[in-house]
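Structure below is query-v7.txt: compact mmCIF, C-alpha atoms.
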```
# COMPACT_ATOMS: atom_id res chain seq x y z
CA MET A 1 -19.93 3.05 21.71
CA LYS A 2 -22.57 0.63 22.88
CA ASP A 3 -21.40 -2.60 24.46
CA ASP A 4 -22.32 -5.97 23.00
CA ALA A 5 -25.46 -6.36 25.07
CA ALA A 6 -26.67 -2.88 24.20
CA SER A 7 -25.72 -2.95 20.54
CA GLY A 8 -28.82 -4.89 19.59
CA GLN A 9 -26.74 -7.49 17.82
CA GLU A 10 -25.48 -10.64 19.47
CA LEU A 11 -22.02 -11.79 18.49
CA ASP A 12 -22.80 -14.58 16.04
CA GLN A 13 -21.84 -18.16 16.76
CA SER A 14 -19.09 -18.30 14.13
CA TYR A 15 -16.53 -16.56 16.37
CA VAL A 16 -15.35 -19.65 18.26
CA LEU A 17 -11.79 -20.53 17.25
CA ASP A 18 -8.91 -19.45 19.51
CA ARG A 19 -6.41 -17.42 17.50
CA ARG A 20 -3.52 -18.84 19.51
CA GLN A 21 -4.23 -22.24 17.98
CA ALA A 22 -5.97 -21.31 14.75
CA VAL A 23 -3.36 -18.89 13.34
CA PRO A 24 -0.43 -21.32 13.79
CA ALA A 25 -2.52 -24.17 12.37
CA LEU A 26 -3.52 -22.13 9.31
CA VAL A 27 -0.19 -20.46 8.56
CA GLY A 28 1.96 -23.46 9.42
CA ASP A 29 5.65 -23.11 8.58
CA THR A 30 6.29 -19.37 8.29
CA GLY A 31 9.40 -20.19 6.26
CA ASP A 32 7.16 -20.98 3.29
CA PHE A 33 6.36 -17.29 2.87
CA LEU A 34 7.46 -13.70 2.90
CA ILE A 35 5.03 -12.26 5.43
CA VAL A 36 3.59 -8.81 6.08
CA THR A 37 1.40 -8.41 9.15
CA GLY A 38 -0.97 -5.82 10.46
CA LEU A 39 -0.66 -4.15 13.86
CA ALA A 40 -0.94 -5.51 17.37
CA GLY A 41 -2.79 -8.84 17.28
CA THR A 42 -1.64 -10.25 13.97
CA ALA A 43 1.87 -8.83 14.44
CA LYS A 44 2.15 -10.73 17.73
CA ASP A 45 0.56 -13.87 16.25
CA ILE A 46 3.18 -14.07 13.51
CA ALA A 47 6.14 -12.71 15.47
CA ALA A 48 5.55 -15.41 18.09
CA LEU A 49 5.12 -18.11 15.46
CA SER A 50 8.27 -17.10 13.53
CA ASP A 51 10.31 -15.91 16.53
CA ASP A 52 10.32 -12.46 14.88
CA GLY A 53 11.75 -13.95 11.71
CA ASP A 54 13.71 -12.00 9.12
CA ASN A 55 11.17 -13.03 6.46
CA VAL A 56 8.47 -11.14 8.36
CA PHE A 57 7.68 -7.41 8.33
CA THR A 58 5.34 -6.52 11.18
CA MET A 59 3.56 -3.19 11.46
CA ALA A 60 2.81 -1.10 14.53
CA GLY A 61 1.35 1.93 12.76
CA ALA A 62 0.31 3.15 9.28
CA MET A 63 -2.92 1.25 9.87
CA GLY A 64 -4.48 0.10 6.63
CA ALA A 65 -1.21 -0.46 4.74
CA ALA A 66 -0.67 -4.21 5.19
CA VAL A 67 -2.37 -5.47 2.02
CA SER A 68 -0.75 -2.74 -0.08
CA ILE A 69 2.72 -3.57 1.26
CA GLY A 70 2.06 -7.24 0.53
CA LEU A 71 0.96 -6.37 -3.01
CA GLY A 72 4.13 -4.38 -3.70
CA LEU A 73 6.25 -7.21 -2.32
CA ALA A 74 4.39 -9.85 -4.35
CA LEU A 75 4.88 -7.86 -7.54
CA ALA A 76 8.57 -7.36 -6.75
CA LYS A 77 9.21 -11.04 -5.91
CA PRO A 78 7.04 -13.15 -8.22
CA ASP A 79 9.16 -16.21 -7.43
CA ARG A 80 8.18 -16.17 -3.72
CA ARG A 81 4.85 -16.71 -2.01
CA VAL A 82 3.76 -13.61 -0.11
CA LEU A 83 1.34 -13.78 2.78
CA VAL A 84 -0.42 -10.86 4.45
CA VAL A 85 -1.84 -11.61 7.89
CA THR A 86 -3.93 -8.76 9.18
CA GLY A 87 -6.91 -7.98 11.36
CA ASP A 88 -10.47 -6.95 10.57
CA GLY A 89 -9.98 -3.38 11.81
CA GLU A 90 -6.79 -2.93 9.79
CA LEU A 91 -8.38 -4.26 6.63
CA LEU A 92 -11.56 -2.22 7.06
CA MET A 93 -9.40 0.89 6.98
CA ASN A 94 -8.33 0.28 3.39
CA MET A 95 -10.72 -2.05 1.63
CA GLY A 96 -9.80 -0.48 -1.70
CA ALA A 97 -6.54 -2.43 -1.50
CA LEU A 98 -8.56 -5.60 -2.16
CA ALA A 99 -9.82 -4.04 -5.39
CA THR A 100 -6.26 -3.26 -6.44
CA VAL A 101 -5.10 -6.79 -5.60
CA SER A 102 -7.92 -8.07 -7.78
CA VAL A 103 -6.94 -5.87 -10.70
CA MET A 104 -3.22 -6.77 -10.45
CA ARG A 105 -3.95 -10.48 -9.83
CA PRO A 106 -0.57 -11.50 -8.41
CA PRO A 107 -0.58 -15.32 -8.44
CA ASN A 108 1.75 -15.44 -5.42
CA LEU A 109 -0.22 -13.32 -2.91
CA ALA A 110 -2.54 -14.56 -0.18
CA VAL A 111 -4.29 -12.50 2.47
CA VAL A 112 -5.45 -13.89 5.80
CA CYS A 113 -7.77 -11.65 7.79
CA VAL A 114 -7.90 -12.72 11.42
CA ASP A 115 -11.39 -11.51 12.20
CA ASN A 116 -12.37 -11.29 15.84
CA GLY A 117 -15.04 -8.67 15.19
CA HIS A 118 -13.43 -6.27 17.64
CA TYR A 119 -10.71 -3.66 18.07
CA GLY A 120 -8.63 -5.64 20.52
CA GLU A 121 -6.01 -2.97 21.23
CA THR A 122 -8.29 -0.08 22.00
CA GLY A 123 -10.70 -1.47 24.52
CA GLY A 124 -12.54 -4.18 22.63
CA GLN A 125 -15.00 -2.01 20.73
CA ARG A 126 -16.96 -3.96 18.15
CA SER A 127 -15.83 -3.61 14.55
CA HIS A 128 -18.03 -3.56 11.48
CA THR A 129 -17.46 -7.27 10.84
CA SER A 130 -19.35 -8.32 13.96
CA LEU A 131 -22.06 -5.82 13.06
CA GLY A 132 -22.88 -7.42 9.74
CA VAL A 133 -20.06 -6.57 7.32
CA ASP A 134 -18.74 -9.64 5.51
CA LEU A 135 -15.14 -9.13 4.42
CA GLU A 136 -15.02 -12.46 2.58
CA ALA A 137 -17.98 -11.40 0.43
CA ILE A 138 -16.32 -8.04 -0.16
CA ALA A 139 -13.06 -9.72 -1.23
CA SER A 140 -15.00 -12.03 -3.53
CA ALA A 141 -17.06 -9.19 -4.98
CA ALA A 142 -13.85 -7.23 -5.53
CA GLY A 143 -12.85 -10.04 -7.86
CA ILE A 144 -10.34 -11.98 -5.79
CA PRO A 145 -10.69 -15.41 -7.36
CA ALA A 146 -10.16 -17.70 -4.35
CA THR A 147 -11.87 -16.76 -1.09
CA ARG A 148 -12.80 -18.83 1.96
CA VAL A 149 -14.26 -18.42 5.42
CA VAL A 150 -12.60 -20.52 8.10
CA SER A 151 -14.58 -20.70 11.32
CA LYS A 152 -14.16 -24.36 12.29
CA GLU A 153 -11.10 -26.46 12.95
CA SER A 154 -12.08 -28.87 10.17
CA GLU A 155 -11.74 -26.05 7.61
CA ILE A 156 -8.18 -25.10 8.48
CA GLN A 157 -6.23 -27.72 6.57
CA ALA A 158 -7.72 -27.03 3.14
CA ALA A 159 -7.25 -23.29 3.68
CA SER A 160 -3.61 -23.81 4.66
CA LYS A 161 -3.10 -25.62 1.36
CA LEU A 162 -4.82 -22.81 -0.54
CA LEU A 163 -2.37 -20.27 0.92
CA ARG A 164 0.50 -22.26 -0.55
CA GLU A 165 -0.92 -23.45 -3.84
CA SER A 166 -3.44 -20.93 -5.12
CA ASN A 167 -2.56 -19.74 -8.61
CA GLY A 168 -4.04 -16.31 -8.16
CA PRO A 169 -4.62 -14.06 -5.18
CA ALA A 170 -6.37 -15.81 -2.31
CA PHE A 171 -8.28 -14.39 0.63
CA ILE A 172 -9.11 -16.24 3.82
CA LEU A 173 -11.32 -14.83 6.54
CA LEU A 174 -10.30 -16.65 9.72
CA LYS A 175 -13.00 -16.05 12.31
CA VAL A 176 -11.78 -16.21 15.90
CA LYS A 177 -13.25 -15.33 19.25
CA PRO A 178 -12.10 -12.12 20.90
CA GLY A 179 -9.05 -12.82 23.04
CA ASP A 180 -5.43 -11.95 23.47
CA PRO A 181 -2.77 -12.88 20.94
CA PRO A 182 0.36 -14.56 22.31
CA ALA A 183 2.50 -12.23 24.42
CA TYR A 184 5.60 -11.55 22.37
CA LYS A 185 8.01 -8.61 22.28
CA ARG A 186 9.06 -8.05 18.67
CA ASN A 187 11.41 -5.50 17.17
CA MET A 188 9.23 -2.40 16.66
CA ASP A 189 11.83 -0.26 14.86
CA PRO A 190 10.54 -0.20 11.27
CA ALA A 191 13.89 0.89 9.82
CA ALA A 192 15.74 -1.96 11.53
CA CYS A 193 13.06 -4.39 10.36
CA ARG A 194 13.29 -3.10 6.79
CA VAL A 195 17.06 -3.51 6.71
CA ARG A 196 16.81 -6.97 8.26
CA PHE A 197 14.13 -8.11 5.82
CA ARG A 198 16.00 -6.85 2.75
CA ALA A 199 19.31 -8.31 3.90
CA ALA A 200 17.75 -11.73 4.37
CA LEU A 201 15.85 -11.63 1.08
CA LEU A 202 18.19 -9.79 -1.27
CA GLU A 203 21.74 -10.26 0.04
CA LYS A 204 21.80 -13.92 1.00
CA MET B 1 -3.55 38.24 -30.60
CA ASN B 2 -2.84 35.53 -33.10
CA GLN B 3 -5.02 32.53 -32.27
CA SER B 4 -2.19 30.05 -32.72
CA VAL B 5 -0.14 31.80 -30.04
CA ARG B 6 -2.99 31.65 -27.55
CA GLN B 7 -3.62 27.97 -28.12
CA LYS B 8 -1.46 25.43 -26.43
CA SER B 9 1.12 24.40 -28.99
CA ALA B 10 2.07 20.80 -29.69
CA GLU B 11 2.22 18.39 -26.76
CA PRO B 12 5.41 18.99 -24.77
CA ALA B 13 8.27 16.55 -25.25
CA TRP B 14 9.32 16.24 -21.61
CA PRO B 15 6.77 13.60 -20.48
CA ASP B 16 8.13 11.00 -22.89
CA ALA B 17 11.70 11.88 -22.01
CA LEU B 18 10.77 11.66 -18.32
CA TYR B 19 9.38 8.16 -18.78
CA ASP B 20 12.55 7.10 -20.58
CA LEU B 21 14.65 8.58 -17.77
CA LEU B 22 12.73 6.73 -15.03
CA ARG B 23 13.02 3.44 -16.89
CA ALA B 24 16.72 3.98 -17.62
CA GLU B 25 17.28 4.52 -13.90
CA GLY B 26 15.66 1.19 -13.11
CA VAL B 27 12.15 2.26 -12.09
CA THR B 28 9.81 -0.56 -13.12
CA LEU B 29 6.75 0.00 -10.97
CA PHE B 30 4.32 2.84 -11.66
CA ALA B 31 1.55 3.21 -9.07
CA TYR B 32 -1.01 5.85 -9.95
CA VAL B 33 -4.27 7.58 -9.40
CA PRO B 34 -5.09 9.03 -12.81
CA ASP B 35 -4.38 12.68 -13.50
CA ALA B 36 -4.05 14.60 -16.74
CA GLY B 37 -0.57 15.72 -15.71
CA HIS B 38 0.62 12.09 -15.65
CA LYS B 39 -1.20 10.94 -18.78
CA VAL B 40 1.90 10.09 -20.81
CA LEU B 41 3.67 8.28 -17.95
CA ILE B 42 0.57 6.19 -17.22
CA GLU B 43 0.01 5.32 -20.88
CA ARG B 44 3.66 4.45 -21.45
CA SER B 45 3.80 2.23 -18.35
CA LEU B 46 0.61 0.40 -19.39
CA VAL B 47 2.11 -0.70 -22.70
CA ASP B 48 5.65 -1.34 -21.43
CA PRO B 49 6.13 -5.11 -21.03
CA ALA B 50 9.04 -4.56 -18.63
CA ALA B 51 7.07 -2.25 -16.30
CA LYS B 52 4.19 -2.83 -13.92
CA SER B 53 1.44 -0.27 -13.89
CA ILE B 54 -0.73 -0.28 -10.77
CA PRO B 55 -4.01 1.63 -10.65
CA LEU B 56 -4.89 2.63 -7.08
CA THR B 57 -8.24 3.37 -5.47
CA THR B 58 -6.59 5.97 -3.24
CA GLU B 59 -3.10 7.42 -3.16
CA GLU B 60 -2.22 6.00 0.26
CA GLU B 61 -2.29 2.51 -1.24
CA GLY B 62 0.61 3.59 -3.42
CA VAL B 63 2.72 4.46 -0.38
CA GLY B 64 2.27 0.91 0.91
CA VAL B 65 2.87 -0.63 -2.51
CA LEU B 66 6.17 1.25 -2.95
CA ALA B 67 7.30 0.22 0.53
CA GLY B 68 6.51 -3.41 -0.26
CA ALA B 69 8.32 -3.12 -3.57
CA ASN B 70 11.40 -1.81 -1.74
CA LEU B 71 11.28 -4.79 0.61
CA GLY B 72 11.44 -6.93 -2.52
CA GLY B 73 14.23 -4.92 -4.16
CA THR B 74 12.19 -3.11 -6.82
CA LYS B 75 12.15 0.62 -7.60
CA GLY B 76 8.80 2.31 -8.02
CA VAL B 77 7.26 5.75 -8.32
CA LEU B 78 3.89 7.06 -7.14
CA LEU B 79 2.08 9.31 -9.61
CA MET B 80 -0.60 11.46 -8.04
CA GLN B 81 -2.31 14.82 -7.98
CA SER B 82 -1.66 17.21 -5.10
CA SER B 83 -5.12 16.47 -3.65
CA GLY B 84 -3.94 12.89 -3.17
CA VAL B 85 -1.09 14.01 -0.93
CA GLY B 86 -3.63 14.56 1.81
CA ASN B 87 -4.74 10.94 1.47
CA CYS B 88 -1.20 9.70 2.13
CA VAL B 89 -0.28 11.46 5.33
CA ASN B 90 -0.41 8.71 7.96
CA PHE B 91 1.04 6.11 5.60
CA LEU B 92 4.09 8.38 5.26
CA SER B 93 4.81 7.31 8.85
CA LEU B 94 5.86 4.00 7.33
CA ILE B 95 8.22 5.76 4.91
CA LYS B 96 9.78 8.04 7.52
CA GLY B 97 9.96 5.52 10.35
CA GLY B 98 11.21 2.76 8.06
CA ARG B 99 13.60 5.10 6.19
CA PHE B 100 12.20 3.76 2.94
CA PRO B 101 13.42 5.38 -0.26
CA PHE B 102 10.28 6.95 -1.71
CA LEU B 103 9.72 8.88 -4.93
CA THR B 104 6.49 10.55 -5.94
CA LEU B 105 5.67 12.81 -8.85
CA VAL B 106 2.90 15.19 -7.84
CA SER B 107 0.95 17.13 -10.46
CA MET B 108 -0.16 20.30 -8.77
CA ARG B 109 -3.65 21.72 -8.53
CA GLY B 110 -4.67 24.63 -6.34
CA ASP B 111 -1.58 26.37 -7.55
CA TYR B 112 -0.62 28.98 -10.20
CA GLY B 113 -3.78 30.15 -11.97
CA GLU B 114 -6.20 27.67 -10.39
CA GLY B 115 -9.85 28.33 -11.23
CA ASN B 116 -11.49 25.68 -9.06
CA PRO B 117 -11.84 26.86 -5.45
CA TRP B 118 -12.12 23.28 -4.17
CA GLN B 119 -8.54 22.63 -5.25
CA MET B 120 -7.01 25.57 -3.40
CA PRO B 121 -6.79 24.37 0.23
CA MET B 122 -4.92 21.13 -0.47
CA GLY B 123 -2.86 22.62 -3.25
CA GLN B 124 -1.64 25.41 -1.00
CA ALA B 125 -0.87 22.96 1.82
CA THR B 126 0.76 20.25 -0.30
CA GLU B 127 4.38 21.25 0.17
CA ARG B 128 4.06 21.90 3.91
CA VAL B 129 2.19 18.64 4.48
CA LEU B 130 4.84 16.64 2.66
CA GLU B 131 7.66 18.43 4.46
CA ALA B 132 5.96 17.88 7.82
CA MET B 133 6.15 14.14 7.15
CA GLY B 134 9.81 14.24 6.13
CA VAL B 135 9.40 14.31 2.35
CA ILE B 136 11.78 16.61 0.46
CA CYS B 137 9.97 18.74 -2.14
CA MET B 138 11.45 19.71 -5.50
CA ARG B 139 9.30 22.18 -7.46
CA ILE B 140 9.52 22.36 -11.24
CA GLU B 141 8.18 25.36 -13.12
CA ASN B 142 9.96 25.10 -16.47
CA ALA B 143 10.09 22.26 -18.98
CA GLU B 144 13.87 22.41 -19.24
CA ASP B 145 14.17 21.69 -15.52
CA VAL B 146 12.17 18.45 -15.60
CA LEU B 147 14.90 16.00 -16.52
CA PRO B 148 17.69 17.49 -14.35
CA THR B 149 15.38 17.79 -11.34
CA VAL B 150 14.05 14.25 -11.65
CA THR B 151 17.60 12.96 -12.18
CA ALA B 152 18.64 14.68 -8.95
CA SER B 153 15.55 13.32 -7.19
CA LEU B 154 16.25 9.75 -8.32
CA THR B 155 19.76 10.04 -6.86
CA MET B 156 18.49 11.49 -3.59
CA THR B 157 15.86 8.75 -3.35
CA PHE B 158 17.60 5.58 -4.41
CA LYS B 159 21.24 6.40 -3.62
CA SER B 160 20.88 8.33 -0.37
CA GLY B 161 17.63 6.80 0.76
CA ASN B 162 15.35 9.81 1.06
CA ALA B 163 11.68 10.43 0.46
CA VAL B 164 11.32 12.95 -2.38
CA ALA B 165 8.30 14.57 -4.01
CA VAL B 166 8.75 16.24 -7.37
CA LEU B 167 6.06 18.89 -7.69
CA LEU B 168 5.03 19.46 -11.29
CA THR B 169 3.53 22.92 -10.90
CA GLN B 170 0.70 24.51 -12.84
CA LYS B 171 3.26 26.91 -14.30
CA LEU B 172 4.76 23.84 -15.95
CA LEU B 173 1.56 21.92 -16.71
CA GLY B 174 -0.81 24.81 -17.36
CA ALA B 175 -3.98 25.44 -15.40
CA LYS B 176 -7.18 23.70 -16.39
CA ALA B 177 -9.81 26.10 -17.71
CA PHE B 178 -12.96 26.70 -15.60
```
Is it possible to express this structure as structure tokens?
Amino acid sequence: MKDDAASGQELDQSYVLDRRQAVPALVGDTGDFLIVTGLAGTAKDIAALSDDGDNVFTMAGAMGAAVSIGLGLALAKPDRRVLVVTGDGELLMNMGALATVSVMRPPNLAVVCVDNGHYGETGGQRSHTSLGVDLEAIASAAGIPATRVVSKESEIQAASKLLRESNGPAFILLKVKPGDPPAYKRNMDPAACRVRFRAALLEK
Amino acid sequence: MNQSVRQKSAEPAWPDALYDLLRAEGVTLFAYVPDAGHKVLIERSLVDPAAKSIPLTTEEEGVGVLAGANLGGTKGVLLMQSSGVGNCVNFLSLIKGGRFPFLTLVSMRGDYGEGNPWQMPMGQATERVLEAMGVICMRIENAEDVLPTVTASLTMTFKSGNAVAVLLTQKLLGAKAF
């Protein structure tokens, strides 16, 4: 794959926020949600923020499944707010899930896509989003009623409120510059994480 | 031959009884990619106020949806055609690795009496692909086996925590004419 300089497309100026500040500022208290994350970057973002909380299910494989898992959880627990935090590469792998979220219209589901325009775990190759694909427009065109782009600090607070108060599925595209997520070692055993999540949610 | 014998007789009774069985066993979530073999289940779930019917753009979404539903304490089933099994393969990593209970009803194509060559490769590989990803396959060829086999599959899924695919074969469903 061509590097940035050779790709013929400059990285646009909207990729400026640092995910290590922007994700915590946007998500806020993780205890307000049941959370499903994507792989790698967003899993580390949220595991670090929640100290690998038992209300969080992080992925490290099955790429493309995050929004669908969040949808199933939101339908199963209509009395809780469900938040999916995933990356641009993970979401690009299953954009049809946005169409299904739109059709099912769970009022308690929000999706945050942390978009750095790159595949951070595989060598920093550019993803479709930094080559012209607009995931916020796609979510909106799919019929998700509340969508926002957050690319400046001043836009974070209103978006954080939307995650908590939207009465219908919400989608936020959080644009961040390429860069490492916080270093955090989370539990990567999906069976242990499933049991932990269910025990905290269903047996307390 | 008498024409009435050659024609398919009245609609079989087992699909309605199968829906009632799934609901009686606490299944409330029906994720599907449409297929003629699941017509009754899909239609019943759409009009059932106590069930949620989820149309999917691709079968793999349904694997994620059922995993999420399990995290939230809800029982679901994925209704798909055998061609959709191929779309699910990597997402079954989530089911196997997470030891999620997982139930799918698969209407077979590329099977007994298939007339469409495009259906053959995936149909012939369906069982082996599922088994390679840790999904137990239960084939049904006769109408009288539907309810007992699905009852057994529900137990294996939701009581002993397995991933189970019930294969509704073309011997059971009949092959589409080409």
Please, what distance in Å, to one decimal, runs between CA of Leu56 (chain B) and CA of Leu105 (chain B)?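 So the answer is 14.8 Å.
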Compute the set of chain B residues within 9 Å of chain A, using only C-alpha atoms, and express it as an NGL selection string. :B and (29 or 52-58 or 60-75 or 90-100)
Atomic distance CA of Ala137 (chain A) - CA of Val16 (chain A), expressed in Å with one decimal: 19.8 Å
Suppose you want the space between CA of Arg139 (chain B) and CA of Gly84 (chain B); what is it in Å? 16.7 Å
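Distances to Ser130 (chain A) were evaluated for A:Ser160, A:Ser14, A:Ser50, A:Ser151 using only C-alpha atoms, and the minimum falls at A:Ser14.
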Tell me, as a PDB file with C-alpha atoms, in the frame of the given file, which residues lie within 10 Å of Ala139 (chain A), counting all atoms listed in the file; anything in the same chain fewer than 2 positions away does not count.
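This is the output file selection10.pdb:
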```pdb
ATOM      1  CA  MET A  95     -10.720  -2.050   1.630  1.00  0.00           C
ATOM      2  CA  GLY A  96      -9.800  -0.480  -1.700  1.00  0.00           C
ATOM      3  CA  ALA A  97      -6.540  -2.430  -1.500  1.00  0.00           C
ATOM      4  CA  LEU A  98      -8.560  -5.600  -2.160  1.00  0.00           C
ATOM      5  CA  ALA A  99      -9.820  -4.040  -5.390  1.00  0.00           C
ATOM      6  CA  VAL A 101      -5.100  -6.790  -5.600  1.00  0.00           C
ATOM      7  CA  SER A 102      -7.920  -8.070  -7.780  1.00  0.00           C
ATOM      8  CA  VAL A 111      -4.290 -12.500   2.470  1.00  0.00           C
ATOM      9  CA  ASP A 134     -18.740  -9.640   5.510  1.00  0.00           C
ATOM     10  CA  LEU A 135     -15.140  -9.130   4.420  1.00  0.00           C
ATOM     11  CA  GLU A 136     -15.020 -12.460   2.580  1.00  0.00           C
ATOM     12  CA  ALA A 137     -17.980 -11.400   0.430  1.00  0.00           C
ATOM     13  CA  ALA A 141     -17.060  -9.190  -4.980  1.00  0.00           C
ATOM     14  CA  ALA A 142     -13.850  -7.230  -5.530  1.00  0.00           C
ATOM     15  CA  GLY A 143     -12.850 -10.040  -7.860  1.00  0.00           C
ATOM     16  CA  ILE A 144     -10.340 -11.980  -5.790  1.00  0.00           C
ATOM     17  CA  PRO A 145     -10.690 -15.410  -7.360  1.00  0.00           C
ATOM     18  CA  ALA A 146     -10.160 -17.700  -4.350  1.00  0.00           C
ATOM     19  CA  THR A 147     -11.870 -16.760  -1.090  1.00  0.00           C
ATOM     20  CA  ARG A 148     -12.800 -18.830   1.960  1.00  0.00           C
ATOM     21  CA  ALA A 170      -6.370 -15.810  -2.310  1.00  0.00           C
ATOM     22  CA  PHE A 171      -8.280 -14.390   0.630  1.00  0.00           C
ATOM     23  CA  ILE A 172      -9.110 -16.240   3.820  1.00  0.00           C
ATOM     24  CA  LEU A 173     -11.320 -14.830   6.540  1.00  0.00           C
TER      25      LEU A 173
END
```
What's around Leu21 (chain B) at 8 Å? Count only C-alpha atoms, leave out sequence neighbours fewer than 3 positions away in its own chain, and write the answer as a ChimeraX atom specification. /B:17-18,24-25,147,151
Local residues around (7.8, -18.4, 3.6), at most 9 Å away, using only C-alpha atoms, as a list in words: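 Checked against the point, the hits come out as Asp29, Thr30, Gly31, Asp32, Phe33, Leu34, Ile35, Asn55, Val56, Arg80, Arg81, Val82 and Leu83 of chain A.
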I need the residue nearest Tyr15 (chain A) from this list: A:Asn108, A:Asn187, A:Asn116, A:Gln157. Use all atoms listed in the file for the distance.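 Of the candidates, the smallest distance to Tyr15 (chain A) is held by A:Asn116.
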Hey, what's within 7 Å of region 34-48 of chain B if we count all atoms listed in the file and toss same-chain stuff fewer than 5 positions away? As a PDB file with C-alpha atoms, keeping the file's coordinate frame, please?
```pdb
ATOM      1  CA  PRO B  15       6.770  13.600 -20.480  1.00  0.00           C
ATOM      2  CA  ASP B  16       8.130  11.000 -22.890  1.00  0.00           C
ATOM      3  CA  TYR B  19       9.380   8.160 -18.780  1.00  0.00           C
ATOM      4  CA  SER B  53       1.440  -0.270 -13.890  1.00  0.00           C
ATOM      5  CA  LEU B  79       2.080   9.310  -9.610  1.00  0.00           C
ATOM      6  CA  MET B  80      -0.600  11.460  -8.040  1.00  0.00           C
ATOM      7  CA  GLN B  81      -2.310  14.820  -7.980  1.00  0.00           C
ATOM      8  CA  SER B 107       0.950  17.130 -10.460  1.00  0.00           C
ATOM      9  CA  LEU B 173       1.560  21.920 -16.710  1.00  0.00           C
TER      10      LEU B 173
END
```
Counting all atoms listed in the file, which residues have an atom no more than 9 Å from (-15.4, -14.2, 20.4) in the file's coordinates? Please list them as JSON, numbers by chain. {"A": [11, 12, 13, 14, 15, 16, 17, 18, 116, 117, 118, 175, 176, 177, 178, 179]}
Report, as JSON, the axis-aligned box around all atoms of region 57-61 of chain A present in the file, extended by 6 Å on each side; give centre and edge lengths in Å to one decimal place.
```
{"center_x": 4.5, "center_y": -2.7, "center_z": 11.4, "size_x": 18.3, "size_y": 21.3, "size_z": 18.2}
```
I'd like the neighbourhood of Lys44 (chain A) as an NGL selection string, where a residue qualifies if any of its atoms comes within 9 Å (using all atoms listed in the file), though same-chain residues fewer than 5 positions away should be ignored. :A and (37 or 39 or 49 or 52 or 58 or 181-186)
For Ala200 (chain A), the closest of A:Asp79, A:Asp54, A:Asp115, A:Glu153 counting only C-alpha atoms is A:Asp54
